[in-house]
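Shown next: data_32.pdb, containing PDB, C-alpha atoms.
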ATOM      1  CA  MET A   1      79.390 -85.760 -52.255
ATOM      2  CA  TYR A   2      76.821 -84.117 -54.443
ATOM      3  CA  SER A   3      74.063 -85.085 -52.039
ATOM      4  CA  ARG A   4      75.898 -83.573 -49.107
ATOM      5  CA  TRP A   5      75.977 -80.134 -50.750
ATOM      6  CA  ARG A   6      72.454 -80.466 -51.761
ATOM      7  CA  TYR A   7      71.203 -80.608 -48.151
ATOM      8  CA  ALA A   8      73.677 -78.207 -46.619
ATOM      9  CA  PRO A   9      71.982 -75.003 -47.847
ATOM     10  CA  LEU A  10      68.672 -76.240 -46.486
ATOM     11  CA  LYS A  11      70.200 -76.658 -43.046
ATOM     12  CA  LEU A  12      71.596 -73.116 -43.181
ATOM     13  CA  PHE A  13      68.207 -71.825 -44.246
ATOM     14  CA  ALA A  14      66.609 -73.667 -41.329
ATOM     15  CA  ILE A  15      69.157 -72.196 -38.941
ATOM     16  CA  ARG A  16      68.502 -68.688 -40.277
ATOM     17  CA  GLN A  17      64.737 -69.121 -39.849
ATOM     18  CA  LYS A  18      64.924 -69.566 -36.082
ATOM     19  CA  PRO A  19      66.366 -66.100 -35.341
ATOM     20  CA  ARG A  20      63.820 -64.488 -37.639
ATOM     21  CA  GLU A  21      60.980 -66.242 -35.832
ATOM     22  CA  GLU A  22      62.412 -65.133 -32.488
ATOM     23  CA  GLU A  23      62.743 -61.557 -33.782
ATOM     24  CA  GLU A  24      59.122 -61.615 -34.941
ATOM     25  CA  GLU A  25      58.018 -62.927 -31.558
ATOM     26  CA  GLN A  26      60.011 -60.189 -29.819
ATOM     27  CA  GLN A  27      58.498 -57.588 -32.125
ATOM     28  CA  LEU A  28      55.006 -58.915 -31.391
ATOM     29  CA  ALA A  29      55.722 -58.843 -27.648
ATOM     30  CA  ALA A  30      57.052 -55.286 -27.931
ATOM     31  CA  ALA A  31      53.985 -54.259 -29.935
ATOM     32  CA  ALA A  32      51.719 -55.858 -27.331
ATOM     33  CA  SER A  33      53.509 -54.016 -24.531
ATOM     34  CA  MET A  34      53.272 -50.782 -26.544
ATOM     35  CA  ASP A  35      49.563 -51.417 -26.980
ATOM     36  CA  ALA A  36      49.224 -51.925 -23.230
ATOM     37  CA  VAL A  37      51.144 -48.725 -22.520
ATOM     38  CA  SER A  38      49.177 -46.734 -25.068
ATOM     39  CA  GLN A  39      45.952 -48.198 -23.671
ATOM     40  CA  ARG A  40      46.924 -47.078 -20.158
ATOM     41  CA  VAL A  41      47.802 -43.610 -21.440
ATOM     42  CA  LEU A  42      44.487 -43.404 -23.268
ATOM     43  CA  GLU A  43      42.583 -44.484 -20.151
ATOM     44  CA  HIS A  44      44.433 -41.894 -18.061
ATOM     45  CA  LEU A  45      43.710 -39.125 -20.560
ATOM     46  CA  THR A  46      40.053 -40.165 -20.670
ATOM     47  CA  GLU A  47      39.890 -40.043 -16.878
ATOM     48  CA  VAL A  48      41.486 -36.577 -16.827
ATOM     49  CA  GLU A  49      39.065 -35.372 -19.511
ATOM     50  CA  GLU A  50      36.059 -36.686 -17.560
ATOM     51  CA  ALA A  51      37.274 -34.976 -14.366
ATOM     52  CA  ALA A  52      37.751 -31.702 -16.257
ATOM     53  CA  GLU A  53      34.258 -32.022 -17.735
ATOM     54  CA  GLU A  54      32.810 -32.491 -14.232
ATOM     55  CA  VAL A  55      34.596 -29.343 -13.028
ATOM     56  CA  LEU A  56      33.335 -27.308 -15.981
ATOM     57  CA  SER A  57      29.758 -28.538 -15.616
ATOM     58  CA  SER A  58      29.751 -27.710 -11.892
ATOM     59  CA  LYS A  59      31.066 -24.226 -12.615
ATOM     60  CA  GLN A  60      28.362 -23.731 -15.241
ATOM     61  CA  GLN A  61      25.673 -24.837 -12.774
ATOM     62  CA  VAL A  62      26.975 -22.353 -10.197
ATOM     63  CA  VAL A  63      26.823 -19.556 -12.795
ATOM     64  CA  GLU A  64      23.241 -20.459 -13.772
ATOM     65  CA  LEU A  65      22.071 -20.658 -10.147
ATOM     66  CA  ASP A  66      23.807 -17.378  -9.354
ATOM     67  CA  SER A  67      22.023 -15.622 -12.216
ATOM     68  CA  ARG A  68      18.697 -16.968 -10.882
ATOM     69  CA  ARG A  69      19.621 -15.673  -7.441
ATOM     70  CA  ASN A  70      20.376 -12.229  -8.911
ATOM     71  CA  ARG A  71      16.996 -12.169 -10.669
ATOM     72  CA  ASN A  72      15.297 -13.027  -7.373
ATOM     73  CA  ARG A  73      17.229 -10.239  -5.664
ATOM     74  CA  GLU A  74      16.007  -7.814  -8.335
ATOM     75  CA  ALA A  75      12.448  -9.049  -7.807
ATOM     76  CA  LEU A  76      12.705  -8.507  -4.047
ATOM     77  CA  SER A  77      13.920  -4.954  -4.534
ATOM     78  CA  ALA A  78      11.080  -4.326  -7.005
ATOM     79  CA  LEU A  79       8.597  -5.626  -4.414
ATOM     80  CA  ARG A  80       9.919  -3.137  -1.856
ATOM     81  CA  THR A  81       9.168  -0.236  -4.189
ATOM     82  CA  GLU A  82       5.733  -1.587  -5.222
ATOM     83  CA  ASP A  83       2.791   0.225  -3.578
ATOM     84  CA  THR A  84      -0.007  -2.177  -4.461
ATOM     85  CA  GLU A  85      -1.142  -4.999  -2.239
ATOM     86  CA  LYS A  86      -1.232  -7.600  -5.030
ATOM     87  CA  VAL A  87       1.512  -8.066  -7.609
ATOM     88  CA  LYS A  88       1.713 -10.011 -10.853
ATOM     89  CA  VAL A  89       4.121 -12.944 -10.776
ATOM     90  CA  CYS A  90       5.267 -14.910 -13.818
ATOM     91  CA  PHE A  91       5.054 -18.709 -13.473
ATOM     92  CA  GLY A  92       6.232 -20.295 -16.711
ATOM     93  CA  ASN A  93       3.976 -18.809 -19.413
ATOM     94  CA  MET A  94       1.357 -17.346 -17.054
ATOM     95  CA  PHE A  95       1.109 -14.214 -14.957
ATOM     96  CA  ILE A  96      -0.728 -14.674 -11.668
ATOM     97  CA  LYS A  97      -1.784 -11.983  -9.239
ATOM     98  CA  LEU A  98      -0.637 -12.843  -5.728
ATOM     99  CA  PRO A  99      -0.482 -10.961  -2.435
ATOM    100  CA  LYS A 100       2.736  -9.032  -1.990
ATOM    101  CA  LEU A 101       3.669 -10.748   1.303
ATOM    102  CA  LYS A 102       3.096 -14.234  -0.114
ATOM    103  CA  THR A 103       5.235 -13.382  -3.151
ATOM    104  CA  ARG A 104       8.043 -12.041  -0.964
ATOM    105  CA  GLU A 105       7.977 -15.219   1.161
ATOM    106  CA  MET A 106       8.121 -17.417  -1.950
ATOM    107  CA  ILE A 107      11.078 -15.516  -3.383
ATOM    108  CA  GLN A 108      12.933 -15.564  -0.059
ATOM    109  CA  LYS A 109      12.442 -19.331   0.239
ATOM    110  CA  ASP A 110      13.718 -19.705  -3.306
ATOM    111  CA  GLN A 111      16.734 -17.534  -2.394
ATOM    112  CA  GLU A 112      17.529 -19.755   0.594
ATOM    113  CA  GLN A 113      17.245 -22.882  -1.558
ATOM    114  CA  LEU A 114      19.491 -21.366  -4.221
ATOM    115  CA  ASP A 115      22.069 -20.386  -1.590
ATOM    116  CA  LYS A 116      22.141 -23.961  -0.269
ATOM    117  CA  GLU A 117      22.518 -25.438  -3.753
ATOM    118  CA  ILE A 118      25.294 -23.003  -4.688
ATOM    119  CA  ASN A 119      27.203 -23.726  -1.468
ATOM    120  CA  GLU A 120      26.887 -27.495  -2.012
ATOM    121  CA  LEU A 121      28.115 -27.160  -5.593
ATOM    122  CA  ARG A 122      31.059 -25.019  -4.489
ATOM    123  CA  LYS A 123      32.037 -27.548  -1.812
ATOM    124  CA  GLY A 124      31.826 -30.356  -4.372
ATOM    125  CA  LEU A 125      33.748 -28.240  -6.853
ATOM    126  CA  LYS A 126      36.685 -28.014  -4.468
ATOM    127  CA  ALA A 127      36.902 -31.805  -4.276
ATOM    128  CA  LYS A 128      36.568 -32.132  -8.054
ATOM    129  CA  VAL A 129      39.336 -29.584  -8.688
ATOM    130  CA  ASN A 130      41.620 -31.393  -6.221
ATOM    131  CA  ARG A 131      40.929 -34.705  -7.994
ATOM    132  CA  LEU A 132      41.655 -33.125 -11.376
ATOM    133  CA  ASN A 133      44.926 -31.652 -10.094
ATOM    134  CA  GLU A 134      45.867 -35.047  -8.662
ATOM    135  CA  LEU A 135      45.200 -36.746 -12.011
ATOM    136  CA  GLN A 136      47.252 -34.131 -13.824
ATOM    137  CA  GLY A 137      50.131 -34.558 -11.388
ATOM    138  CA  LYS A 138      49.826 -31.041  -9.998
ATOM    139  CA  PRO A 139      50.218 -30.368  -6.269
ATOM    140  CA  GLU A 140      47.113 -29.868  -4.159
ATOM    141  CA  LEU A 141      46.002 -26.260  -3.837
ATOM    142  CA  ARG A 142      46.908 -24.853  -0.435
ATOM    143  CA  GLY A 143      44.376 -22.710   1.374
ATOM    144  CA  TYR A 144      41.686 -23.685  -1.095
ATOM    145  CA  SER A 145      39.721 -25.754   1.410
ATOM    146  CA  LEU A 146      39.388 -22.981   3.987
ATOM    147  CA  SER A 147      35.956 -22.128   5.309
ATOM    148  CA  PRO A 148      34.883 -18.870   6.971
ATOM    149  CA  LEU A 149      34.260 -18.571  10.674
ATOM    150  CA  SER A 150      30.685 -18.964  11.837
ATOM    151  CA  THR A 151      28.966 -16.190  13.774
ATOM    152  CA  GLU A 152      29.344 -18.161  17.021
ATOM    153  CA  GLU A 153      33.090 -18.550  16.441
ATOM    154  CA  ILE A 154      33.453 -14.824  15.730
ATOM    155  CA  LYS A 155      31.559 -13.967  18.925
ATOM    156  CA  ALA A 156      33.800 -16.319  20.916
ATOM    157  CA  ILE A 157      36.958 -14.727  19.481
ATOM    158  CA  ASN A 158      35.646 -11.212  20.145
ATOM    159  CA  SER A 159      34.814 -12.126  23.741
ATOM    160  CA  LEU A 160      38.380 -13.416  24.217
ATOM    161  CA  PHE A 161      39.876 -10.154  22.897
ATOM    162  CA  LYS A 162      37.644  -7.998  25.088
ATOM    163  CA  ARG A 163      39.003  -9.557  28.317
TER     164      ARG A 163
END
In C-alpha coordinates, write the structure found in this file.
Amino acid sequence: MYSRWRYAPLKLFAIRQKPREEEEEQQLAAAASMDAVSQRVLEHLTEVEEAAEEVLSSKQQVVELDSRRNRNREALSALRTEDTEKVKVCFGNMFIKLPKLKTREMIQKDQEQLDKEINELRKGLKAKVNRLNELQGKPELRGYSLSPLSTEEIKAINSLFKR
(Lines of atoms letter the chains of each structure in order from A and count residues from 1; the text may use other names and numbers.)
(Lines give C-alpha, C1' and ligand atoms only; values in the text may rest on other atoms or scores of the structure.)
Protein backbone atom coordinates (compact mmCIF):
# COMPACT_ATOMS: atom_id res chain seq x y z
CA MET A 1 0.00 0.00 0.00
CA TYR A 2 2.89 2.30 0.64
CA SER A 3 4.06 1.93 -2.94
CA ARG A 4 0.66 2.83 -4.29
CA TRP A 5 0.70 6.21 -2.54
CA ARG A 6 4.18 6.78 -3.59
CA TYR A 7 3.29 6.80 -7.31
CA ALA A 8 -0.08 8.47 -7.06
CA PRO A 9 1.24 12.03 -6.61
CA LEU A 10 3.48 11.57 -9.63
CA LYS A 11 0.48 10.66 -11.76
CA LEU A 12 -1.38 13.76 -10.57
CA PHE A 13 1.66 15.87 -11.34
CA ALA A 14 1.80 14.35 -14.82
CA ILE A 15 -1.88 15.06 -15.34
CA ARG A 16 -1.42 18.68 -14.23
CA GLN A 17 1.51 19.15 -16.63
CA LYS A 18 -0.56 18.52 -19.75
CA PRO A 19 -2.91 21.50 -19.28
CA ARG A 20 0.03 23.77 -18.53
CA GLU A 21 1.76 22.68 -21.73
CA GLU A 22 -1.45 23.27 -23.68
CA GLU A 23 -1.83 26.71 -22.07
CA GLU A 24 1.75 27.58 -23.02
CA GLU A 25 1.13 26.43 -26.58
CA GLN A 26 -2.04 28.53 -26.73
CA GLN A 27 -0.16 31.51 -25.34
CA LEU A 28 2.59 31.04 -27.94
CA ALA A 29 -0.02 30.78 -30.71
CA ALA A 30 -1.75 33.92 -29.42
CA ALA A 31 1.59 35.74 -29.26
CA ALA A 32 2.39 34.62 -32.81
CA SER A 33 -0.98 35.86 -34.04
CA MET A 34 -0.44 39.14 -32.16
CA ASP A 35 2.96 39.43 -33.82
CA ALA A 36 1.33 38.87 -37.21
CA VAL A 37 -1.33 41.48 -36.49
CA SER A 38 1.19 43.99 -35.19
CA GLN A 39 3.39 43.29 -38.22
CA ARG A 40 0.46 44.00 -40.55
CA VAL A 41 -0.34 47.20 -38.68
CA LEU A 42 3.29 48.27 -38.88
CA GLU A 43 3.41 47.56 -42.61
CA HIS A 44 0.20 49.54 -43.15
CA LEU A 45 1.51 52.50 -41.16
CA THR A 46 4.77 52.37 -43.11
CA GLU A 47 2.84 52.37 -46.38
CA VAL A 48 0.74 55.35 -45.24
CA GLU A 49 3.87 57.21 -44.15
CA GLU A 50 5.57 56.58 -47.51
CA ALA A 51 2.48 57.81 -49.39
CA ALA A 52 2.37 60.95 -47.23
CA GLU A 53 6.08 61.54 -47.87
CA GLU A 54 5.48 61.29 -51.64
CA VAL A 55 2.67 63.87 -51.40
CA LEU A 56 4.83 66.26 -49.39
CA SER A 57 7.81 65.92 -51.71
CA SER A 58 5.63 66.57 -54.77
CA LYS A 59 4.17 69.66 -53.13
CA GLN A 60 7.67 70.90 -52.31
CA GLN A 61 8.78 70.37 -55.92
CA VAL A 62 5.78 72.36 -57.16
CA VAL A 63 6.67 75.22 -54.78
CA GLU A 64 10.31 75.24 -55.95
CA LEU A 65 9.36 75.18 -59.64
CA ASP A 66 6.78 77.91 -59.07
CA SER A 67 9.37 80.16 -57.44
CA ARG A 68 11.66 79.60 -60.46
CA ARG A 69 8.77 80.49 -62.74
CA ASN A 70 8.18 83.71 -60.77
CA ARG A 71 11.85 84.66 -61.08
CA ASN A 72 11.66 84.10 -64.84
CA ARG A 73 8.54 86.27 -64.99
CA GLU A 74 10.43 89.02 -63.15
CA ALA A 75 13.31 88.66 -65.60
CA LEU A 76 10.96 88.97 -68.58
CA SER A 77 9.44 92.14 -67.19
CA ALA A 78 12.93 93.53 -66.55
CA LEU A 79 13.85 92.77 -70.18
CA ARG A 80 10.84 94.75 -71.39
CA THR A 81 12.06 97.84 -69.55
CA GLU A 82 15.71 97.40 -70.63
CA ASP A 83 16.81 99.80 -73.40
CA THR A 84 20.10 98.18 -74.37
CA GLU A 85 20.46 95.63 -77.11
CA LYS A 86 22.62 93.24 -75.06
CA VAL A 87 21.88 92.24 -71.47
CA LYS A 88 23.89 90.44 -68.82
CA VAL A 89 22.55 87.01 -67.89
CA CYS A 90 23.70 84.95 -64.91
CA PHE A 91 24.54 81.31 -65.67
CA GLY A 92 25.68 79.62 -62.47
CA ASN A 93 28.63 81.71 -61.25
CA MET A 94 29.16 83.67 -64.49
CA PHE A 95 27.53 86.68 -66.08
CA ILE A 96 27.36 86.54 -69.87
CA LYS A 97 26.31 89.30 -72.22
CA LEU A 98 23.69 88.04 -74.65
CA PRO A 99 21.37 89.69 -77.17
CA LYS A 100 18.08 90.77 -75.65
CA LEU A 101 15.94 88.75 -78.09
CA LYS A 102 17.95 85.56 -77.54
CA THR A 103 17.65 86.00 -73.76
CA ARG A 104 13.89 86.53 -73.99
CA GLU A 105 13.52 83.38 -76.12
CA MET A 106 15.57 81.34 -73.63
CA ILE A 107 13.50 82.53 -70.67
CA GLN A 108 10.22 81.90 -72.50
CA LYS A 109 11.31 78.36 -73.37
CA ASP A 110 12.26 77.83 -69.74
CA GLN A 111 8.83 79.18 -68.70
CA GLU A 112 7.08 76.71 -71.01
CA GLN A 113 9.17 73.83 -69.65
CA LEU A 114 8.43 74.87 -66.07
CA ASP A 115 4.70 75.09 -66.82
CA LYS A 116 4.74 71.55 -68.24
CA GLU A 117 6.63 70.17 -65.25
CA ILE A 118 4.33 71.91 -62.75
CA ASN A 119 1.21 70.61 -64.52
CA GLU A 120 2.61 67.06 -64.59
CA LEU A 121 3.46 67.23 -60.89
CA ARG A 122 -0.01 68.56 -60.06
CA LYS A 123 -1.68 65.76 -62.04
CA GLY A 124 0.50 63.19 -60.26
CA LEU A 125 -0.20 64.88 -56.95
CA LYS A 126 -3.92 64.30 -57.38
CA ALA A 127 -3.35 60.56 -57.79
CA LYS A 128 -0.98 60.48 -54.81
CA VAL A 129 -3.46 62.31 -52.57
CA ASN A 130 -6.24 59.90 -53.61
CA ARG A 131 -3.98 56.93 -52.80
CA LEU A 132 -3.11 58.43 -49.41
CA ASN A 133 -6.78 59.02 -48.62
CA GLU A 134 -7.56 55.44 -49.65
CA LEU A 135 -4.83 54.09 -47.35
CA GLN A 136 -6.11 56.21 -44.48
CA GLY A 137 -9.67 55.00 -45.05
CA LYS A 138 -10.96 58.43 -46.04
CA PRO A 139 -13.43 58.83 -48.91
CA GLU A 140 -12.15 59.98 -52.29
CA LEU A 141 -12.23 63.73 -52.80
CA ARG A 142 -15.11 64.74 -55.06
CA GLY A 143 -14.51 67.35 -57.72
CA TYR A 144 -10.77 67.15 -57.16
CA SER A 145 -10.06 65.51 -60.51
CA LEU A 146 -11.79 68.18 -62.59
CA SER A 147 -9.90 69.78 -65.44
CA PRO A 148 -10.66 73.12 -67.10
CA LEU A 149 -12.21 73.41 -70.52
CA SER A 150 -9.84 73.84 -73.43
CA THR A 151 -10.10 76.87 -75.71
CA GLU A 152 -11.71 74.73 -78.43
CA GLU A 153 -14.36 73.47 -76.00
CA ILE A 154 -15.11 77.03 -74.85
CA LYS A 155 -15.48 78.18 -78.46
CA ALA A 156 -17.84 75.28 -79.18
CA ILE A 157 -19.99 76.12 -76.14
CA ASN A 158 -20.07 79.82 -77.06
CA SER A 159 -21.12 78.99 -80.62
CA LEU A 160 -23.99 76.86 -79.25
CA PHE A 161 -25.23 79.71 -77.03
CA LYS A 162 -25.08 82.25 -79.86
CA ARG A 163 -27.57 80.28 -82.01
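Every residue that the PyMOL selection byres ((chain A and resi 60-77) around 9) selects in this file is listed here: Val55, Leu56, Ser57, Ser58, Lys59, Ala78, Leu79, Arg80, Thr81, Glu82, Thr103, Arg104, Ile107, Gln108, Asp110, Gln111, Leu114, Asp115, Glu117, Ile118, Asn119, Leu121 and Arg122 of chain A.
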Quick one: distance from CA of Lys128 (chain A) to CA of Glu140 (chain A) in Å, one decimal?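 Atom-to-atom, CA of Lys128 (chain A) and CA of Glu140 (chain A) are spaced 11.5 Å apart.
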Expand the PyMOL selection byres ((chain A and resi 132) around 10) into the individual residues it matches in the shown file, reporting them as a PyMOL selection string. chain A and resi 47-55+126-131+133-138+140
What gap, in Å, lies between CA of Ser159 (chain A) and CA of Leu146 (chain A)? 23.0 Å
Straight-line distance linking CA of Gln113 (chain A) with CA of Gly92 (chain A), stated in Å to one decimal: 18.9 Å
Which of A:Glu112, A:Asp83, A:Ser150, A:Glu24 sits closest to Lys100 (chain A) [using all atoms listed in the file]: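 Using all atoms listed in the file, the shortest distance to Lys100 (chain A) belongs to A:Asp83.
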